[in-house]
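Asker: Quick one: structure below, then a few questions.
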Amino acid sequence: MNKKLISFCVPCYNSEKDMRKCLESLLTQKDRVEIIIIDDGSKDTTPQIADEYANKYPESVIAVHQENGGHGAGINKALSLATGKFFKVVDSDDWVDQEGYKLLLSKIEKYGDKIDMFVTDYAYYKVNKVQKIIKFNRVLKVNEITGWDNVKHFALWENLTLHSTMYRREVLLEAKIDLPHHVFYEDNYFIYCALPFVKTIYYLPTTFYMYFIGREGQSVSREQCIKRFHDHYYIAHLMNHKYDIFKYKDNKGLYNTLIHHLIIVNAIAYVYTRLTDTPESIKTYRELKKETKALNKKLYRKLKYGSFAGFVMADGYFGKLLMRFSLWISHKVVPFN
């Protein structure tokens, strides 16, 4: 393959119903990108569809078949094979907007050698229409190469996610990204780990990523989040242990971005360990509080007394009421499912 501008990772597990739409949206610019399809031990016709595209577009598509290891294992594998200037994950039930796609590639061609992280808008898409577009024009400078000094405080709904963020591949390699296997919500860890290695940022105010929500069994649904409470705990655990973020205090934009991610992920972990309301989940909730306090008292105080996470960390009946109210507000702000 020739040098590509973007290496797309498309993790697939039993994705036969959705993956063609995703792949076709990426193939419109096949001469400038590579698409790495990771078949994560699928039991349906996903492996055959992946091979079909790899055989049809050998200069642009790679099909990889591996034992089931989860979303994170797929990203790890794709990153190890990627050759593009930038690396982007697109889940198999999502797709990209064509105008945003062309514009993003044009910016990479023009400025790509100077940029570590691209940020674009993304849309929540449900029932054949866009439900909400997440923008970053309040936080980031528009159409300008900038650094952390110009990054403002993120609001609850302004999160750097797989949908909004694309890293230079060398940044991910420098950060030594290694995602856990068989764990959901590891995308938060993926985004978080690379941030300290970013020096330059470019925000392109176009809706590039179309994030499909409302699918039955989707990991962000309330039912699945409750079922997978331990995964929420584990990702918060990993992130809390990854960096001593207070050493970045002099880099205000980076520090604020890191602490924002920790607050969001910890708050989610506290909500779903409590909402599950089983002896095991309550034990996990208490363990997260205990270990965070033992690990870094400054972080614990910041979470409990200096952020909205404190609402969901409050114990007792009143704490549970605050937790449920916080969850209700968050679902009003962002249409998770």
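Naming scheme: A, B, ... for chains in displayed order of the structure tokens; residues 1 onward per chain; ligands 1 onward as shown.
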What's around Ile38 of chain A at 10 Å? Count only C-alpha atoms, leave out sequence neighbours fewer than 3 positions away in its own chain, and write the answer as a list in words.
Answerer: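 The residues that qualify are Cys9, Val10, Pro11, Cys12, Tyr13, Ile35, Gly41, Ser42, Thr46, Pro47, Ala50, Ile62, Ala63, Val64, His65, Gln66, His71, Ala73, Gly74, Ile75, Lys77, Ala78 and Ser92 of chain A.
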Asker: Taking N, CA and C atoms for each residue, export the selection above as an mmCIF file, in the first residue's frame.
Answerer:
```
data_model
loop_
_atom_site.group_PDB
_atom_site.id
_atom_site.type_symbol
_atom_site.label_atom_id
_atom_site.label_comp_id
_atom_site.auth_asym_id
_atom_site.auth_seq_id
_atom_site.Cartn_x
_atom_site.Cartn_y
_atom_site.Cartn_z
ATOM 1 N N CYS A 9 -9.482 1.895 11.847
ATOM 2 C CA CYS A 9 -9.723 0.611 12.506
ATOM 3 C C CYS A 9 -11.228 0.415 12.600
ATOM 4 N N VAL A 10 -11.715 -0.704 12.068
ATOM 5 C CA VAL A 10 -13.143 -1.025 12.148
ATOM 6 C C VAL A 10 -13.293 -2.340 12.919
ATOM 7 N N PRO A 11 -13.470 -2.259 14.247
ATOM 8 C CA PRO A 11 -13.653 -3.485 15.031
ATOM 9 C C PRO A 11 -15.034 -4.080 14.749
ATOM 10 N N CYS A 12 -15.085 -5.385 14.509
ATOM 11 C CA CYS A 12 -16.338 -6.045 14.161
ATOM 12 C C CYS A 12 -16.540 -7.296 15.000
ATOM 13 N N TYR A 13 -17.709 -7.398 15.567
ATOM 14 C CA TYR A 13 -18.112 -8.647 16.204
ATOM 15 C C TYR A 13 -19.577 -8.895 15.866
ATOM 16 N N ILE A 35 -8.096 0.807 5.496
ATOM 17 C CA ILE A 35 -9.182 0.353 6.360
ATOM 18 C C ILE A 35 -8.812 -1.021 6.890
ATOM 19 N N GLY A 41 -13.527 -12.701 16.264
ATOM 20 C CA GLY A 41 -14.118 -13.998 16.584
ATOM 21 C C GLY A 41 -15.600 -14.068 16.318
ATOM 22 N N SER A 42 -16.072 -13.408 15.255
ATOM 23 C CA SER A 42 -17.503 -13.367 14.946
ATOM 24 C C SER A 42 -18.048 -14.755 14.620
ATOM 25 N N THR A 46 -19.706 -12.081 9.335
ATOM 26 C CA THR A 46 -18.729 -10.995 9.378
ATOM 27 C C THR A 46 -17.385 -11.379 8.754
ATOM 28 N N PRO A 47 -16.810 -12.555 9.057
ATOM 29 C CA PRO A 47 -15.515 -12.904 8.454
ATOM 30 C C PRO A 47 -15.559 -12.941 6.925
ATOM 31 N N ALA A 50 -15.738 -9.334 5.593
ATOM 32 C CA ALA A 50 -14.417 -8.701 5.716
ATOM 33 C C ALA A 50 -13.495 -9.166 4.591
ATOM 34 N N ILE A 62 -7.589 -4.188 4.694
ATOM 35 C CA ILE A 62 -6.960 -5.358 5.308
ATOM 36 C C ILE A 62 -8.008 -6.034 6.192
ATOM 37 N N ALA A 63 -8.148 -7.342 6.070
ATOM 38 C CA ALA A 63 -9.043 -8.110 6.935
ATOM 39 C C ALA A 63 -8.213 -8.949 7.894
ATOM 40 N N VAL A 64 -8.495 -8.802 9.165
ATOM 41 C CA VAL A 64 -7.783 -9.549 10.203
ATOM 42 C C VAL A 64 -8.802 -10.374 10.975
ATOM 43 N N HIS A 65 -8.500 -11.653 11.164
ATOM 44 C CA HIS A 65 -9.373 -12.541 11.930
ATOM 45 C C HIS A 65 -8.616 -12.977 13.183
ATOM 46 N N GLN A 66 -9.225 -12.767 14.342
ATOM 47 C CA GLN A 66 -8.564 -13.138 15.582
ATOM 48 C C GLN A 66 -9.576 -13.705 16.564
ATOM 49 N N HIS A 71 -13.330 -5.188 22.108
ATOM 50 C CA HIS A 71 -13.084 -3.970 21.336
ATOM 51 C C HIS A 71 -11.640 -3.494 21.474
ATOM 52 N N ALA A 73 -8.922 -5.199 22.227
ATOM 53 C CA ALA A 73 -7.984 -6.087 21.535
ATOM 54 C C ALA A 73 -7.965 -5.793 20.047
ATOM 55 N N GLY A 74 -9.126 -5.462 19.491
ATOM 56 C CA GLY A 74 -9.192 -5.113 18.079
ATOM 57 C C GLY A 74 -8.427 -3.846 17.761
ATOM 58 N N ILE A 75 -8.563 -2.840 18.611
ATOM 59 C CA ILE A 75 -7.841 -1.587 18.404
ATOM 60 C C ILE A 75 -6.336 -1.813 18.522
ATOM 61 N N LYS A 77 -4.641 -4.479 17.868
ATOM 62 C CA LYS A 77 -4.161 -5.179 16.676
ATOM 63 C C LYS A 77 -4.092 -4.238 15.485
ATOM 64 N N ALA A 78 -5.123 -3.447 15.276
ATOM 65 C CA ALA A 78 -5.136 -2.519 14.143
ATOM 66 C C ALA A 78 -4.004 -1.506 14.258
ATOM 67 N N SER A 92 -18.336 -0.502 13.790
ATOM 68 C CA SER A 92 -18.941 -1.094 12.594
ATOM 69 C C SER A 92 -20.401 -0.699 12.391
#
```
Asker: Excluding same-chain residues fewer than 4 positions from Gly69 of chain A, what lies within 7 Å of it counting only C-alpha atoms, as a VMD selection string?
Answerer: chain A and resid 40 73 181 to 182
Asker: What's around segment 249-266 of chain A at 9 Å? Count only C-alpha atoms, leave out sequence neighbours fewer than 5 positions away in its own chain, and write the answer as a ChimeraX atom specification.
Answerer: /A:147-156,159-160,188,192,195-196,198,232-233,235-237,239-240,271,288,299,302-303,307-309
Asker: Please list as a count of residues only every residue within 12 Å of Lys298 of chain A, counting only C-alpha atoms and excluding residues in the same chain fewer than 3 positions away.
Answerer: 16
Asker: Sort by chain and increasing residue number a table of all residues of segment 210-301 of chain A within 12 Å of segment 167-180 of chain A, each with its closest pair of atoms and their distance in Å to one decimal, counting only C-alpha atoms, and write it as CSV.
Answerer:
```
residue,atom,partner,partner_atom,distance
A:Asp231,CA,A:Pro180,CA,10.4
A:Tyr234,CA,A:Pro180,CA,9.7
A:Ile235,CA,A:Pro180,CA,9.1
A:Leu238,CA,A:Pro180,CA,9.6
A:Met239,CA,A:Leu179,CA,11.5
A:Lys242,CA,A:Ala175,CA,11.3
A:Tyr243,CA,A:Ala175,CA,11.8
```
Asker: With only C-alpha atoms as the basis for distance, which of A:His241, A:His230, A:Lys43, A:Lys102 is at the shortest distance from Thr273 of chain A?
Answerer: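 Of the candidates, the smallest distance to Thr273 of chain A is held by A:His230.
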Asker: List the spatial neighbours of Lys110 of chain A as a PyMOL selection string - criterion: any atom at most 12 Å away, only C-alpha atoms, same-chain residues fewer than 4 positions off excluded.
Answerer: chain A and resi 5+103-106+114-115+143+145+202
Asker: Atoms to include: all heavy atoms. Write the selected residues as a short mmCIF file (atom, residue, chain, number, x, y, z; two decimals), in the first residue's frame.
Answerer:
```cif
data_model
loop_
_atom_site.label_atom_id
_atom_site.label_comp_id
_atom_site.auth_asym_id
_atom_site.auth_seq_id
_atom_site.Cartn_x
_atom_site.Cartn_y
_atom_site.Cartn_z
N LEU A 5 -3.23 8.65 4.45
CA LEU A 5 -3.42 9.76 5.37
C LEU A 5 -4.03 9.28 6.69
O LEU A 5 -3.67 9.76 7.75
CB LEU A 5 -4.32 10.82 4.74
CG LEU A 5 -3.78 11.50 3.48
CD1 LEU A 5 -4.77 12.53 2.97
CD2 LEU A 5 -2.43 12.14 3.74
N LEU A 103 -13.38 17.19 3.81
CA LEU A 103 -12.77 18.37 4.42
C LEU A 103 -11.64 17.97 5.37
O LEU A 103 -10.57 18.59 5.38
CB LEU A 103 -13.84 19.17 5.16
CG LEU A 103 -13.42 20.52 5.73
CD1 LEU A 103 -12.85 21.43 4.64
CD2 LEU A 103 -14.62 21.20 6.41
N LEU A 104 -11.86 16.91 6.15
CA LEU A 104 -10.83 16.44 7.07
C LEU A 104 -9.58 16.00 6.31
O LEU A 104 -8.45 16.36 6.69
CB LEU A 104 -11.37 15.29 7.90
CG LEU A 104 -10.39 14.63 8.88
CD1 LEU A 104 -9.84 15.64 9.88
CD2 LEU A 104 -11.06 13.46 9.60
N LEU A 105 -9.74 15.27 5.25
CA LEU A 105 -8.59 14.81 4.47
C LEU A 105 -7.84 15.98 3.85
O LEU A 105 -6.60 15.97 3.78
CB LEU A 105 -9.05 13.83 3.39
CG LEU A 105 -9.47 12.44 3.89
CD1 LEU A 105 -10.11 11.64 2.76
CD2 LEU A 105 -8.29 11.68 4.48
N SER A 106 -8.58 17.00 3.42
CA SER A 106 -7.91 18.17 2.84
C SER A 106 -7.07 18.89 3.89
O SER A 106 -5.98 19.40 3.58
CB SER A 106 -8.95 19.13 2.24
OG SER A 106 -9.71 19.79 3.25
N LYS A 114 2.04 18.96 11.02
CA LYS A 114 2.18 19.87 12.16
C LYS A 114 1.19 19.58 13.29
O LYS A 114 1.19 20.28 14.29
CB LYS A 114 1.98 21.32 11.70
CG LYS A 114 2.93 21.76 10.60
CD LYS A 114 2.59 23.17 10.13
CE LYS A 114 3.51 23.62 9.01
NZ LYS A 114 3.14 24.99 8.52
N ILE A 115 0.35 18.56 13.14
CA ILE A 115 -0.76 18.36 14.06
C ILE A 115 -0.68 16.98 14.73
O ILE A 115 -0.44 15.98 14.07
CB ILE A 115 -2.11 18.50 13.31
CG1 ILE A 115 -2.25 19.93 12.78
CG2 ILE A 115 -3.28 18.15 14.23
CD1 ILE A 115 -3.38 20.11 11.81
N ASN A 143 -10.46 26.07 13.26
CA ASN A 143 -9.62 26.08 12.06
C ASN A 143 -8.26 26.75 12.31
O ASN A 143 -7.82 27.60 11.54
CB ASN A 143 -10.35 26.80 10.92
CG ASN A 143 -11.49 25.97 10.36
OD1 ASN A 143 -11.37 24.75 10.22
ND2 ASN A 143 -12.60 26.62 10.07
N ILE A 145 -4.21 25.84 14.11
CA ILE A 145 -3.29 24.98 14.84
C ILE A 145 -2.98 25.66 16.16
O ILE A 145 -2.55 26.81 16.20
CB ILE A 145 -1.99 24.74 14.05
CG1 ILE A 145 -2.29 24.07 12.71
CG2 ILE A 145 -1.02 23.88 14.85
CD1 ILE A 145 -1.08 23.95 11.80
N TYR A 202 -5.86 20.64 16.30
CA TYR A 202 -6.60 21.35 15.25
C TYR A 202 -8.07 20.95 15.37
O TYR A 202 -8.42 19.78 15.27
CB TYR A 202 -6.08 20.99 13.87
CG TYR A 202 -6.58 21.90 12.76
CD1 TYR A 202 -5.79 22.94 12.28
CD2 TYR A 202 -7.84 21.74 12.20
CE1 TYR A 202 -6.24 23.77 11.26
CE2 TYR A 202 -8.31 22.57 11.19
CZ TYR A 202 -7.49 23.58 10.72
OH TYR A 202 -7.95 24.42 9.71
#
```
Asker: To test your reading of the structure, identify every residue in segment 91-294 of chain A that backbone DSSP assigns to alpha helix (DSSP H), and report it as a PyMOL selection string.
Answerer: chain A and resi 98-111+169-174+187-194+222-227+229-242+252-276+279-294
Asker: Residues at most 10 Å from Tyr203 of chain A, counting only C-alpha atoms, excluding those fewer than 6 positions away in the same chain, as a list of chain:residue names?
Answerer: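 Contacts, with the query itself left out: A:Met117, A:Phe118, A:Val119, A:Thr120, A:Asp121, A:Lys135, A:Phe136, A:Asn137, A:Val139, A:Leu140, A:Lys141, A:Val142, A:Asn143, A:Glu144, A:Ile145, A:Thr146, A:Ser164, A:Thr165.
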Asker: Go ahead and save the residues from that selection, with N, CA, C and O atoms, as an mmCIF file, in the first residue's frame.
Answerer:
```cif
data_model
loop_
_atom_site.group_PDB
_atom_site.id
_atom_site.type_symbol
_atom_site.label_atom_id
_atom_site.label_comp_id
_atom_site.auth_asym_id
_atom_site.auth_seq_id
_atom_site.Cartn_x
_atom_site.Cartn_y
_atom_site.Cartn_z
ATOM 1 N N MET A 117 -3.283 16.067 17.078
ATOM 2 C CA MET A 117 -4.653 15.632 17.350
ATOM 3 C C MET A 117 -5.653 16.499 16.593
ATOM 4 O O MET A 117 -5.616 17.720 16.678
ATOM 5 N N PHE A 118 -6.512 15.850 15.827
ATOM 6 C CA PHE A 118 -7.647 16.516 15.203
ATOM 7 C C PHE A 118 -8.882 16.302 16.059
ATOM 8 O O PHE A 118 -9.105 15.206 16.590
ATOM 9 N N VAL A 119 -9.695 17.336 16.178
ATOM 10 C CA VAL A 119 -10.994 17.228 16.833
ATOM 11 C C VAL A 119 -12.051 17.684 15.840
ATOM 12 O O VAL A 119 -11.888 18.732 15.192
ATOM 13 N N THR A 120 -13.108 16.904 15.694
ATOM 14 C CA THR A 120 -14.219 17.262 14.822
ATOM 15 C C THR A 120 -15.533 17.109 15.588
ATOM 16 O O THR A 120 -15.597 16.436 16.622
ATOM 17 N N ASP A 121 -16.588 17.719 15.070
ATOM 18 C CA ASP A 121 -17.919 17.523 15.644
ATOM 19 C C ASP A 121 -18.411 16.121 15.305
ATOM 20 O O ASP A 121 -17.936 15.479 14.368
ATOM 21 N N LYS A 135 -20.587 19.850 19.471
ATOM 22 C CA LYS A 135 -19.635 20.807 18.909
ATOM 23 C C LYS A 135 -18.607 21.205 19.966
ATOM 24 O O LYS A 135 -18.843 21.060 21.167
ATOM 25 N N PHE A 136 -17.498 21.757 19.513
ATOM 26 C CA PHE A 136 -16.411 22.120 20.421
ATOM 27 C C PHE A 136 -15.942 23.559 20.213
ATOM 28 O O PHE A 136 -14.874 23.926 20.683
ATOM 29 N N ASN A 137 -16.741 24.368 19.535
ATOM 30 C CA ASN A 137 -16.326 25.735 19.227
ATOM 31 C C ASN A 137 -16.245 26.617 20.468
ATOM 32 O O ASN A 137 -15.583 27.656 20.455
ATOM 33 N N VAL A 139 -14.892 25.541 23.250
ATOM 34 C CA VAL A 139 -13.713 25.096 23.989
ATOM 35 C C VAL A 139 -12.421 25.287 23.207
ATOM 36 O O VAL A 139 -11.381 25.625 23.774
ATOM 37 N N LEU A 140 -12.483 25.074 21.899
ATOM 38 C CA LEU A 140 -11.280 25.051 21.068
ATOM 39 C C LEU A 140 -11.321 26.141 20.012
ATOM 40 O O LEU A 140 -12.398 26.522 19.526
ATOM 41 N N LYS A 141 -10.161 26.621 19.624
ATOM 42 C CA LYS A 141 -10.074 27.580 18.534
ATOM 43 C C LYS A 141 -10.433 26.889 17.223
ATOM 44 O O LYS A 141 -10.065 25.746 16.985
ATOM 45 N N VAL A 142 -11.143 27.592 16.380
ATOM 46 C CA VAL A 142 -11.678 27.023 15.143
ATOM 47 C C VAL A 142 -10.679 27.164 14.003
ATOM 48 O O VAL A 142 -10.091 28.239 13.800
ATOM 49 N N ASN A 143 -10.460 26.069 13.264
ATOM 50 C CA ASN A 143 -9.618 26.085 12.064
ATOM 51 C C ASN A 143 -8.263 26.746 12.305
ATOM 52 O O ASN A 143 -7.815 27.601 11.536
ATOM 53 N N GLU A 144 -7.627 26.317 13.388
ATOM 54 C CA GLU A 144 -6.343 26.925 13.742
ATOM 55 C C GLU A 144 -5.477 25.905 14.473
ATOM 56 O O GLU A 144 -5.971 25.187 15.351
ATOM 57 N N ILE A 145 -4.215 25.843 14.107
ATOM 58 C CA ILE A 145 -3.290 24.983 14.836
ATOM 59 C C ILE A 145 -2.976 25.661 16.164
ATOM 60 O O ILE A 145 -2.547 26.814 16.200
ATOM 61 N N THR A 146 -3.212 24.955 17.249
ATOM 62 C CA THR A 146 -3.051 25.568 18.559
ATOM 63 C C THR A 146 -2.477 24.552 19.543
ATOM 64 O O THR A 146 -2.288 23.384 19.210
ATOM 65 N N SER A 164 -15.001 11.993 18.325
ATOM 66 C CA SER A 164 -14.581 13.372 18.046
ATOM 67 C C SER A 164 -13.086 13.523 17.822
ATOM 68 O O SER A 164 -12.644 14.554 17.307
ATOM 69 N N THR A 165 -12.302 12.521 18.194
ATOM 70 C CA THR A 165 -10.857 12.695 18.300
ATOM 71 C C THR A 165 -10.098 11.752 17.374
ATOM 72 O O THR A 165 -10.461 10.592 17.223
#
```
Asker: When DSSP works through the backbone of this structure, what residues of segment 55-126 of chain A end up as strand (DSSP E), shown as a VMD selection string?
Answerer: chain A and resid 61 to 66 86 to 89 95 to 96 117 to 126
Asker: What does the distance from atom CA of Val89 of chain A to atom CA of Leu26 of chain A come to in Å, to one decimal?
Answerer: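 If I compute the distance from atom CA of Val89 of chain A to atom CA of Leu26 of chain A, I get 11.4 Å.
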Asker: Can you measure atom CA of Val61 of chain A to atom CA of Lys30 of chain A for me? One decimal in Å is fine.
Answerer: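 So the two atoms, atom CA of Val61 of chain A and atom CA of Lys30 of chain A, lie 8.4 Å apart.
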Asker: Just give me the gap between atom CA of Phe208 of chain A and atom CA of Asn14 of chain A in Å, one decimal is fine.
Answerer: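 It comes out at 24.8 Å.
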